[in-house]
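File shown: input20.cif (mmCIF, C-alpha atoms).
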data_query
loop_
_atom_site.group_PDB
_atom_site.id
_atom_site.type_symbol
_atom_site.label_atom_id
_atom_site.label_comp_id
_atom_site.auth_asym_id
_atom_site.auth_seq_id
_atom_site.Cartn_x
_atom_site.Cartn_y
_atom_site.Cartn_z
ATOM 1 C CA MET A 1 -46.570 20.169 15.089
ATOM 2 C CA PRO A 2 -43.230 22.015 14.551
ATOM 3 C CA ASN A 3 -42.840 23.904 11.298
ATOM 4 C CA ILE A 4 -40.648 22.373 8.576
ATOM 5 C CA GLU A 5 -37.586 24.519 7.914
ATOM 6 C CA ILE A 6 -34.422 24.199 5.867
ATOM 7 C CA LEU A 7 -31.305 23.874 8.012
ATOM 8 C CA ASP A 8 -28.644 26.544 7.813
ATOM 9 C CA GLN A 9 -25.469 25.701 5.856
ATOM 10 C CA GLN A 10 -23.266 25.389 8.950
ATOM 11 C CA THR A 11 -25.527 22.732 10.472
ATOM 12 C CA ILE A 12 -25.762 20.928 7.128
ATOM 13 C CA ASP A 13 -21.955 20.832 6.864
ATOM 14 C CA LYS A 14 -21.555 19.414 10.378
ATOM 15 C CA ILE A 15 -24.119 16.678 9.720
ATOM 16 C CA ALA A 16 -22.436 15.814 6.410
ATOM 17 C CA ALA A 17 -19.062 15.728 8.161
ATOM 18 C CA GLY A 18 -20.387 13.064 10.516
ATOM 19 C CA GLU A 19 -21.119 10.828 7.539
ATOM 20 C CA VAL A 20 -17.482 10.944 6.380
ATOM 21 C CA ILE A 21 -15.479 11.637 9.560
ATOM 22 C CA GLU A 22 -16.342 9.204 12.339
ATOM 23 C CA ARG A 23 -13.057 9.294 14.292
ATOM 24 C CA PRO A 24 -9.397 10.373 13.935
ATOM 25 C CA SER A 25 -8.598 7.353 11.769
ATOM 26 C CA SER A 26 -11.187 8.627 9.251
ATOM 27 C CA VAL A 27 -9.220 11.870 8.938
ATOM 28 C CA VAL A 28 -5.955 9.999 8.462
ATOM 29 C CA LYS A 29 -7.507 7.669 5.878
ATOM 30 C CA GLU A 30 -8.947 10.499 3.776
ATOM 31 C CA LEU A 31 -5.795 12.641 3.855
ATOM 32 C CA VAL A 32 -3.339 9.795 3.245
ATOM 33 C CA GLU A 33 -5.436 8.549 0.321
ATOM 34 C CA ASN A 34 -5.355 12.081 -1.097
ATOM 35 C CA ALA A 35 -1.557 12.049 -0.727
ATOM 36 C CA ILE A 36 -1.365 8.723 -2.563
ATOM 37 C CA ASP A 37 -3.557 10.083 -5.345
ATOM 38 C CA ALA A 38 -1.212 13.105 -5.482
ATOM 39 C CA GLN A 39 1.563 10.663 -6.478
ATOM 40 C CA ALA A 40 3.526 11.027 -3.249
ATOM 41 C CA SER A 41 6.435 8.630 -2.760
ATOM 42 C CA ALA A 42 6.862 9.453 0.954
ATOM 43 C CA ILE A 43 4.089 10.088 3.503
ATOM 44 C CA THR A 44 4.521 10.856 7.205
ATOM 45 C CA VAL A 45 1.654 10.663 9.693
ATOM 46 C CA GLU A 46 2.147 12.074 13.174
ATOM 47 C CA ILE A 47 -0.519 12.033 15.900
ATOM 48 C CA LYS A 48 -0.899 13.007 19.542
ATOM 49 C CA GLU A 49 -3.563 11.818 21.980
ATOM 50 C CA GLY A 50 -4.856 9.278 19.492
ATOM 51 C CA GLY A 51 -5.253 11.953 16.832
ATOM 52 C CA ILE A 52 -7.958 13.720 18.824
ATOM 53 C CA SER A 53 -5.866 16.804 19.582
ATOM 54 C CA PHE A 54 -3.287 16.691 16.788
ATOM 55 C CA ILE A 55 -2.769 15.072 13.383
ATOM 56 C CA ARG A 56 -0.041 16.068 10.947
ATOM 57 C CA ILE A 57 0.229 14.456 7.520
ATOM 58 C CA THR A 58 3.106 15.407 5.232
ATOM 59 C CA ASP A 59 3.682 14.217 1.674
ATOM 60 C CA ASN A 60 5.999 14.991 -1.234
ATOM 61 C CA GLY A 61 3.243 14.824 -3.828
ATOM 62 C CA CYS A 62 2.267 17.286 -6.528
ATOM 63 C CA GLY A 63 0.783 19.889 -4.165
ATOM 64 C CA ILE A 64 -2.214 22.171 -4.725
ATOM 65 C CA GLU A 65 -2.231 25.272 -6.892
ATOM 66 C CA LYS A 66 -2.747 28.524 -4.960
ATOM 67 C CA ASP A 67 -5.961 29.431 -6.793
ATOM 68 C CA GLU A 68 -7.411 25.963 -6.090
ATOM 69 C CA VAL A 69 -6.751 25.833 -2.337
ATOM 70 C CA LYS A 70 -10.055 27.405 -1.281
ATOM 71 C CA LEU A 71 -11.904 25.409 -3.906
ATOM 72 C CA ALA A 72 -10.527 22.158 -2.467
ATOM 73 C CA PHE A 73 -12.441 22.761 0.780
ATOM 74 C CA LEU A 74 -15.828 23.173 -0.878
ATOM 75 C CA ARG A 75 -18.269 20.255 -0.856
ATOM 76 C CA HIS A 76 -18.268 18.071 -3.979
ATOM 77 C CA SER A 77 -15.055 19.624 -5.286
ATOM 78 C CA THR A 78 -12.665 17.022 -6.692
ATOM 79 C CA SER A 79 -9.882 16.631 -9.230
ATOM 80 C CA LYS A 80 -10.574 12.930 -9.733
ATOM 81 C CA ILE A 81 -13.767 12.768 -11.784
ATOM 82 C CA ARG A 82 -15.484 15.122 -14.224
ATOM 83 C CA SER A 83 -18.755 13.346 -15.076
ATOM 84 C CA VAL A 84 -20.923 10.400 -14.055
ATOM 85 C CA GLU A 85 -19.277 8.244 -16.741
ATOM 86 C CA ASP A 86 -15.952 8.565 -14.898
ATOM 87 C CA LEU A 87 -17.407 6.590 -11.981
ATOM 88 C CA PHE A 88 -17.098 3.387 -14.012
ATOM 89 C CA THR A 89 -13.366 3.759 -14.578
ATOM 90 C CA VAL A 90 -12.175 5.776 -11.565
ATOM 91 C CA SER A 91 -8.819 4.450 -10.372
ATOM 92 C CA SER A 92 -8.068 6.928 -7.572
ATOM 93 C CA LEU A 93 -8.689 6.106 -3.918
ATOM 94 C CA GLY A 94 -11.097 8.992 -3.438
ATOM 95 C CA PHE A 95 -13.415 10.965 -5.677
ATOM 96 C CA ARG A 96 -16.443 12.180 -3.721
ATOM 97 C CA GLY A 97 -14.996 15.606 -2.879
ATOM 98 C CA GLU A 98 -16.276 15.438 0.706
ATOM 99 C CA ALA A 99 -13.114 14.829 2.736
ATOM 100 C CA LEU A 100 -11.556 18.279 3.149
ATOM 101 C CA SER A 101 -14.911 20.005 3.573
ATOM 102 C CA SER A 102 -15.976 17.493 6.230
ATOM 103 C CA ILE A 103 -12.667 17.620 8.119
ATOM 104 C CA ALA A 104 -12.632 21.423 8.133
ATOM 105 C CA ALA A 105 -16.236 21.541 9.404
ATOM 106 C CA VAL A 106 -15.367 19.752 12.668
ATOM 107 C CA SER A 107 -11.751 20.725 13.381
ATOM 108 C CA GLN A 108 -9.098 23.404 13.083
ATOM 109 C CA VAL A 109 -7.154 22.823 9.860
ATOM 110 C CA GLU A 110 -3.922 24.320 8.622
ATOM 111 C CA LEU A 111 -2.754 23.515 5.098
ATOM 112 C CA ILE A 112 0.730 24.209 3.731
ATOM 113 C CA THR A 113 1.272 23.280 0.106
ATOM 114 C CA LYS A 114 3.568 23.975 -2.829
ATOM 115 C CA THR A 115 3.580 22.679 -6.376
ATOM 116 C CA VAL A 116 6.702 21.833 -8.360
ATOM 117 C CA GLN A 117 6.169 24.868 -10.585
ATOM 118 C CA GLY A 118 5.310 27.232 -7.723
ATOM 119 C CA ILE A 119 7.832 29.872 -6.676
ATOM 120 C CA SER A 120 6.442 29.926 -3.137
ATOM 121 C CA GLY A 121 4.039 27.886 -1.078
ATOM 122 C CA VAL A 122 0.605 28.644 0.377
ATOM 123 C CA ARG A 123 -0.591 28.524 3.983
ATOM 124 C CA TYR A 124 -4.343 28.269 4.472
ATOM 125 C CA VAL A 125 -6.138 28.159 7.826
ATOM 126 C CA ILE A 126 -9.791 27.158 8.180
ATOM 127 C CA GLU A 127 -11.570 26.428 11.458
ATOM 128 C CA GLY A 128 -15.045 24.963 11.801
ATOM 129 C CA GLY A 129 -15.599 25.579 8.090
ATOM 130 C CA LYS A 130 -14.739 29.275 8.395
ATOM 131 C CA GLU A 131 -11.721 30.662 6.582
ATOM 132 C CA GLN A 132 -9.174 32.364 8.843
ATOM 133 C CA SER A 133 -6.227 33.225 6.595
ATOM 134 C CA LEU A 134 -4.542 32.617 3.253
ATOM 135 C CA GLU A 135 -0.941 33.672 2.687
ATOM 136 C CA GLU A 136 2.155 32.890 0.667
ATOM 137 C CA ILE A 137 5.077 31.306 2.538
ATOM 138 C CA GLY A 138 8.253 29.391 1.830
ATOM 139 C CA ALA A 139 7.562 25.664 1.773
ATOM 140 C CA PRO A 140 8.972 22.417 0.350
ATOM 141 C CA GLU A 141 7.232 20.719 -2.552
ATOM 142 C CA GLY A 142 4.229 18.684 -1.469
ATOM 143 C CA THR A 143 1.473 19.149 1.092
ATOM 144 C CA THR A 144 1.219 19.226 4.875
ATOM 145 C CA PHE A 145 -2.085 19.062 6.732
ATOM 146 C CA LEU A 146 -2.338 19.905 10.427
ATOM 147 C CA VAL A 147 -5.650 18.943 11.996
ATOM 148 C CA ARG A 148 -6.193 20.060 15.578
ATOM 149 C CA ASN A 149 -8.967 19.499 18.140
ATOM 150 C CA LEU A 150 -11.199 17.127 16.211
ATOM 151 C CA PHE A 151 -14.918 17.642 16.976
ATOM 152 C CA TYR A 152 -14.108 20.709 19.114
ATOM 153 C CA ASN A 153 -17.349 22.326 17.885
ATOM 154 C CA THR A 154 -19.459 19.150 17.999
ATOM 155 C CA PRO A 155 -18.993 17.895 21.596
ATOM 156 C CA ALA A 156 -21.738 15.289 21.206
ATOM 157 C CA ARG A 157 -19.667 13.497 18.558
ATOM 158 C CA ARG A 158 -16.433 13.867 20.506
ATOM 159 C CA LYS A 159 -18.066 12.152 23.472
ATOM 160 C CA PHE A 160 -18.442 8.938 21.454
ATOM 161 C CA LEU A 161 -14.709 8.618 20.740
ATOM 162 C CA LYS A 162 -12.797 5.884 22.553
ATOM 163 C CA THR A 163 -9.691 6.443 24.681
ATOM 164 C CA ALA A 164 -6.651 8.049 23.065
ATOM 165 C CA GLN A 165 -4.850 4.690 23.157
ATOM 166 C CA THR A 166 -7.705 2.923 21.358
ATOM 167 C CA GLU A 167 -8.020 5.645 18.726
ATOM 168 C CA ALA A 168 -4.254 5.483 18.146
ATOM 169 C CA GLY A 169 -4.622 1.725 17.695
ATOM 170 C CA TYR A 170 -7.181 2.258 14.928
ATOM 171 C CA ILE A 171 -4.774 4.605 13.150
ATOM 172 C CA GLY A 172 -1.902 2.138 13.604
ATOM 173 C CA ASP A 173 -3.968 -0.648 12.009
ATOM 174 C CA LEU A 174 -4.897 1.677 9.144
ATOM 175 C CA MET A 175 -1.251 2.629 8.534
ATOM 176 C CA GLU A 176 -0.265 -1.045 8.353
ATOM 177 C CA LYS A 177 -2.952 -1.698 5.748
ATOM 178 C CA LEU A 178 -1.852 1.346 3.739
ATOM 179 C CA ALA A 179 1.777 0.213 3.845
ATOM 180 C CA LEU A 180 0.798 -3.281 2.672
ATOM 181 C CA SER A 181 -1.381 -1.886 -0.113
ATOM 182 C CA HIS A 182 1.315 0.475 -1.430
ATOM 183 C CA PRO A 183 4.785 -1.009 -0.910
ATOM 184 C CA GLU A 184 6.158 1.490 -3.449
ATOM 185 C CA ILE A 185 5.499 4.364 -0.993
ATOM 186 C CA SER A 186 7.592 5.076 2.100
ATOM 187 C CA PHE A 187 5.266 5.422 5.108
ATOM 188 C CA LYS A 188 6.244 6.780 8.494
ATOM 189 C CA PHE A 189 3.870 6.707 11.472
ATOM 190 C CA ILE A 190 4.691 8.559 14.703
ATOM 191 C CA ALA A 191 2.445 8.475 17.790
ATOM 192 C CA ASN A 192 3.232 10.694 20.773
ATOM 193 C CA ASN A 193 6.779 11.250 19.453
ATOM 194 C CA GLN A 194 7.430 7.497 19.146
ATOM 195 C CA LEU A 195 8.144 5.923 15.754
ATOM 196 C CA LYS A 196 5.659 3.077 15.279
ATOM 197 C CA LEU A 197 6.121 2.203 11.605
ATOM 198 C CA HIS A 198 8.613 3.085 8.891
ATOM 199 C CA THR A 199 8.715 1.440 5.472
ATOM 200 C CA SER A 200 11.349 2.019 2.825
ATOM 201 C CA GLY A 201 9.104 2.369 -0.217
ATOM 202 C CA ASN A 202 11.301 -0.010 -2.230
ATOM 203 C CA SER A 203 8.261 -2.070 -3.399
ATOM 204 C CA ASN A 204 9.406 -5.106 -1.381
ATOM 205 C CA LEU A 205 6.107 -6.424 -0.002
ATOM 206 C CA LYS A 206 7.731 -9.261 1.923
ATOM 207 C CA GLU A 207 9.938 -6.790 3.766
ATOM 208 C CA ILE A 208 6.851 -4.868 4.918
ATOM 209 C CA ILE A 209 5.201 -8.097 6.069
ATOM 210 C CA TYR A 210 8.335 -8.826 8.098
ATOM 211 C CA HIS A 211 8.221 -5.389 9.769
ATOM 212 C CA ILE A 212 4.521 -5.671 10.637
ATOM 213 C CA TYR A 213 4.039 -9.364 11.435
ATOM 214 C CA GLY A 214 7.510 -10.553 12.398
ATOM 215 C CA ARG A 215 10.041 -13.192 11.395
ATOM 216 C CA ASP A 216 7.926 -16.314 11.973
ATOM 217 C CA ILE A 217 5.257 -15.250 9.509
ATOM 218 C CA ALA A 218 7.650 -13.723 6.967
ATOM 219 C CA GLY A 219 9.627 -16.974 6.958
ATOM 220 C CA ASN A 220 6.581 -19.106 6.100
ATOM 221 C CA LEU A 221 5.172 -17.430 3.015
ATOM 222 C CA LEU A 222 4.455 -18.591 -0.521
ATOM 223 C CA GLU A 223 4.562 -16.045 -3.329
ATOM 224 C CA ILE A 224 1.538 -15.824 -5.635
ATOM 225 C CA GLU A 225 1.351 -14.291 -9.108
ATOM 226 C CA GLU A 226 -1.411 -15.074 -11.594
ATOM 227 C CA GLU A 227 -3.087 -13.133 -14.380
ATOM 228 C CA ASN A 228 -5.942 -13.562 -16.854
ATOM 229 C CA ASP A 229 -8.066 -11.323 -19.081
ATOM 230 C CA LEU A 230 -10.256 -10.146 -16.194
ATOM 231 C CA PHE A 231 -7.850 -9.537 -13.335
ATOM 232 C CA SER A 232 -4.435 -10.274 -11.856
ATOM 233 C CA VAL A 233 -3.469 -11.480 -8.377
ATOM 234 C CA SER A 234 -0.079 -11.098 -6.715
ATOM 235 C CA GLY A 235 1.280 -11.204 -3.194
ATOM 236 C CA PHE A 236 1.848 -13.812 -0.502
ATOM 237 C CA ILE A 237 -0.103 -16.538 1.258
ATOM 238 C CA GLY A 238 0.971 -18.225 4.456
ATOM 239 C CA LYS A 239 1.788 -21.876 4.936
ATOM 240 C CA PRO A 240 -0.872 -23.723 6.974
ATOM 241 C CA LEU A 241 1.319 -23.792 10.094
ATOM 242 C CA ILE A 242 0.877 -20.013 10.604
ATOM 243 C CA SER A 243 -2.924 -20.121 10.418
ATOM 244 C CA ARG A 244 -4.773 -18.196 13.118
ATOM 245 C CA GLY A 245 -8.040 -18.474 15.031
ATOM 246 C CA ASN A 246 -9.605 -15.424 13.356
ATOM 247 C CA ARG A 247 -9.616 -13.627 10.010
ATOM 248 C CA ASN A 248 -7.499 -10.678 11.144
ATOM 249 C CA PHE A 249 -4.551 -11.885 9.052
ATOM 250 C CA GLU A 250 -6.524 -12.146 5.819
ATOM 251 C CA ASN A 251 -5.497 -9.060 3.853
ATOM 252 C CA TYR A 252 -6.609 -8.436 0.293
ATOM 253 C CA PHE A 253 -6.609 -5.255 -1.742
ATOM 254 C CA ILE A 254 -8.477 -4.410 -4.935
ATOM 255 C CA ASN A 255 -6.787 -1.766 -7.094
ATOM 256 C CA GLY A 256 -4.810 -0.584 -4.074
ATOM 257 C CA ARG A 257 -7.757 -0.333 -1.688
ATOM 258 C CA TYR A 258 -8.131 -2.543 1.399
ATOM 259 C CA ILE A 259 -11.489 -4.296 1.430
ATOM 260 C CA LYS A 260 -13.413 -6.948 3.331
ATOM 261 C CA SER A 261 -15.326 -9.412 1.188
ATOM 262 C CA ALA A 262 -17.173 -12.530 2.317
ATOM 263 C CA LEU A 263 -16.896 -13.866 -1.238
ATOM 264 C CA ILE A 264 -13.101 -13.507 -1.428
ATOM 265 C CA ALA A 265 -12.654 -14.790 2.135
ATOM 266 C CA ARG A 266 -14.722 -17.882 1.370
ATOM 267 C CA GLY A 267 -12.720 -18.573 -1.789
ATOM 268 C CA ILE A 268 -9.408 -18.322 0.078
ATOM 269 C CA GLU A 269 -10.602 -20.438 3.003
ATOM 270 C CA GLU A 270 -11.998 -23.160 0.725
ATOM 271 C CA GLY A 271 -8.578 -23.417 -0.889
ATOM 272 C CA TYR A 272 -7.043 -24.048 2.541
ATOM 273 C CA GLN A 273 -9.794 -26.374 3.764
ATOM 274 C CA SER A 274 -7.910 -29.645 3.345
ATOM 275 C CA PHE A 275 -4.694 -28.218 4.833
ATOM 276 C CA THR A 276 -5.872 -26.518 8.045
ATOM 277 C CA MET A 277 -7.825 -27.479 11.141
ATOM 278 C CA GLN A 278 -11.425 -26.387 11.541
ATOM 279 C CA HIS A 279 -11.867 -22.762 12.650
ATOM 280 C CA LYS A 280 -8.355 -21.864 11.555
ATOM 281 C CA TYR A 281 -7.848 -19.070 9.034
ATOM 282 C CA PRO A 282 -4.934 -18.405 6.679
ATOM 283 C CA PHE A 283 -2.501 -15.525 6.449
ATOM 284 C CA THR A 284 -2.748 -13.656 3.146
ATOM 285 C CA VAL A 285 -1.576 -10.395 1.623
ATOM 286 C CA LEU A 286 -3.024 -10.374 -1.883
ATOM 287 C CA HIS A 287 -3.157 -7.554 -4.418
ATOM 288 C CA ILE A 288 -6.023 -7.938 -6.881
ATOM 289 C CA SER A 289 -5.976 -5.679 -9.917
ATOM 290 C CA ILE A 290 -9.161 -5.306 -11.968
ATOM 291 C CA ASN A 291 -9.387 -3.387 -15.219
ATOM 292 C CA GLY A 292 -12.385 -1.098 -14.725
ATOM 293 C CA THR A 293 -12.498 -0.167 -18.410
ATOM 294 C CA PHE A 294 -12.797 -3.842 -19.371
ATOM 295 C CA LEU A 295 -15.599 -4.454 -16.865
ATOM 296 C CA CYS A 296 -17.451 -1.332 -17.979
ATOM 297 C CA THR A 297 -17.199 -2.429 -21.638
ATOM 298 C CA SER A 298 -18.335 -5.979 -20.770
ATOM 299 C CA ASN A 299 -21.390 -4.695 -18.871
ATOM 300 C CA THR A 300 -22.296 -2.370 -21.741
ATOM 301 C CA ASN A 301 -22.013 -5.165 -24.315
ATOM 302 C CA SER A 302 -24.052 -7.617 -22.203
ATOM 303 C CA SER A 303 -26.880 -5.139 -21.813
#

In structure tokens, what does this structure look like?
Amino acid sequence: MPNIEILDQQTIDKIAAGEVIERPSSVVKELVENAIDAQASAITVEIKEGGISFIRITDNGCGIEKDEVKLAFLRHSTSKIRSVEDLFTVSSLGFRGEALSSIAAVSQVELITKTVQGISGVRYVIEGGKEQSLEEIGAPEGTTFLVRNLFYNTPARRKFLKTAQTEAGYIGDLMEKLALSHPEISFKFIANNQLKLHTSGNSNLKEIIYHIYGRDIAGNLLEIEEENDLFSVSGFIGKPLISRGNRNFENYFINGRYIKSALIARGIEEGYQSFTMQHKYPFTVLHISINGTFLCTSNTNSS
């Protein structure tokens, strides 16, 4: 029987990266969510070859302090929670502190960042989890991530990726969901030098629906806005005549995060039951806001 041994740190990091980073869209999701949490009002995502060879994400957010750049790439490092109690009220899109460490473990990463207070920016290069360089440079306020050659050092994982066109499709779908979930942010998505999506960031959700789904759907929407002590719901639902044969057009977001929920889907579909044919599903873009502090207090009182 083989002896039991503890894996070396490099192997551990690559295994952990596989739990967070499954494909190029995982990289885009983690980095764009970080940009949103950094209070960016404009985010640009550019990819080549489906994001396998090249991903660039630029934001105008708060940036990262020079002395925190290296720290940001360590496992479990995060600016979003401080203790286990914070998990009950966390409102950011990410908090685990795994994203940058995992991305850097399986790709070649270049970070350029500058804070509002900073006199100059910082350029940091890390490849396969190993630091290459750290230097001061001139840079605009915000952060730019360049991620090259995803899974270059883990060929077994790279082999399971789909074609570049399919991977680009996953990223395109993700960008549409992000634009719908945050109409107050201007998103730009460029694939192989072609502009695929550009939103204004003027908080007009219906305008974004028009850009993504077209005139027919945008012209057959009903606006929803309700609120009670537990949660609020706002957004748009489609008239029965634009129902579809699958659930792909059911979009709902909780506290700015896109989710899939059988419970919410069933509630929406039951409301449409007497207005649509069997096996037809409605169009929805609904923002659900839940007060985590209230829920945490309620659970504490009930126990």

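Distances to Asn255 (chain A) were evaluated for A:Leu150, A:Ile237, A:Ser101, A:His182 using all atoms listed in the file, and the minimum falls at A:His182.
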
- Given the file shown, determine the residues that the PyMOL selection byres ((chain A and resi 68) around 12) selects; report them as a PyMOL selection string. chain A and resi 63-67+69-74+77-79+113-115+122+124+134

- Query: Quick one: residues within 12 Å of Lys162 (chain A), all atoms listed in the file counted, chain neighbours fewer than 2 positions away excluded, as number ranges by chain?
  - Reply: A: 22-25, 49-52, 157-160, 164-170

- Written as a count of residues only, what is the full residue list that the PyMOL selection byres ((chain A and resi 38) around 12) yields on the file shown? 30

- Task: Name every residue that the PyMOL selection byres ((chain A and resi 151) around 10) selects in this structure, writing the answer as a PyMOL selection string with chains first and numbers rising.
- Result: chain A and resi 14+17-18+21-24+52-53+103-108+128+148-150+152-159+161

- Query: Out of A:Lys177, A:Arg257, A:Arg266, A:Arg244, which residue has the shortest atom-to-atom distance to His279 (chain A) when counting only C-alpha atoms?
  - Reply: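 Checking each candidate against His279 (chain A), we get A:Arg244 as the closest.
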
- Message: I'd like the interatomic distance between CA of Gly121 (chain A) and CA of Gly201 (chain A), to a tenth of an Å.
- Response: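 Atom-to-atom, CA of Gly121 (chain A) to CA of Gly201 (chain A), that is 26.0 Å.
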
- Can you work out the spacing between CA of Ile57 (chain A) and CA of Val147 (chain A) in Å, to one decimal? 8.6 Å

- Item | CA of Ile190 (chain A) to CA of Ser102 (chain A), straight-line distance in Å |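 Separation between CA of Ser102 (chain A) and CA of Ile190 (chain A): 24.1 Å.
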
- Message: Here's a test: counting all atoms listed in the file, identify every protein, DNA and RNA residue with an atom at most 9 Å from (-6.8, -15.0, 10.9) in the file's coordinate frame, and state them as a PyMOL selection string.
- Response: chain A and resi 243-250+280-284
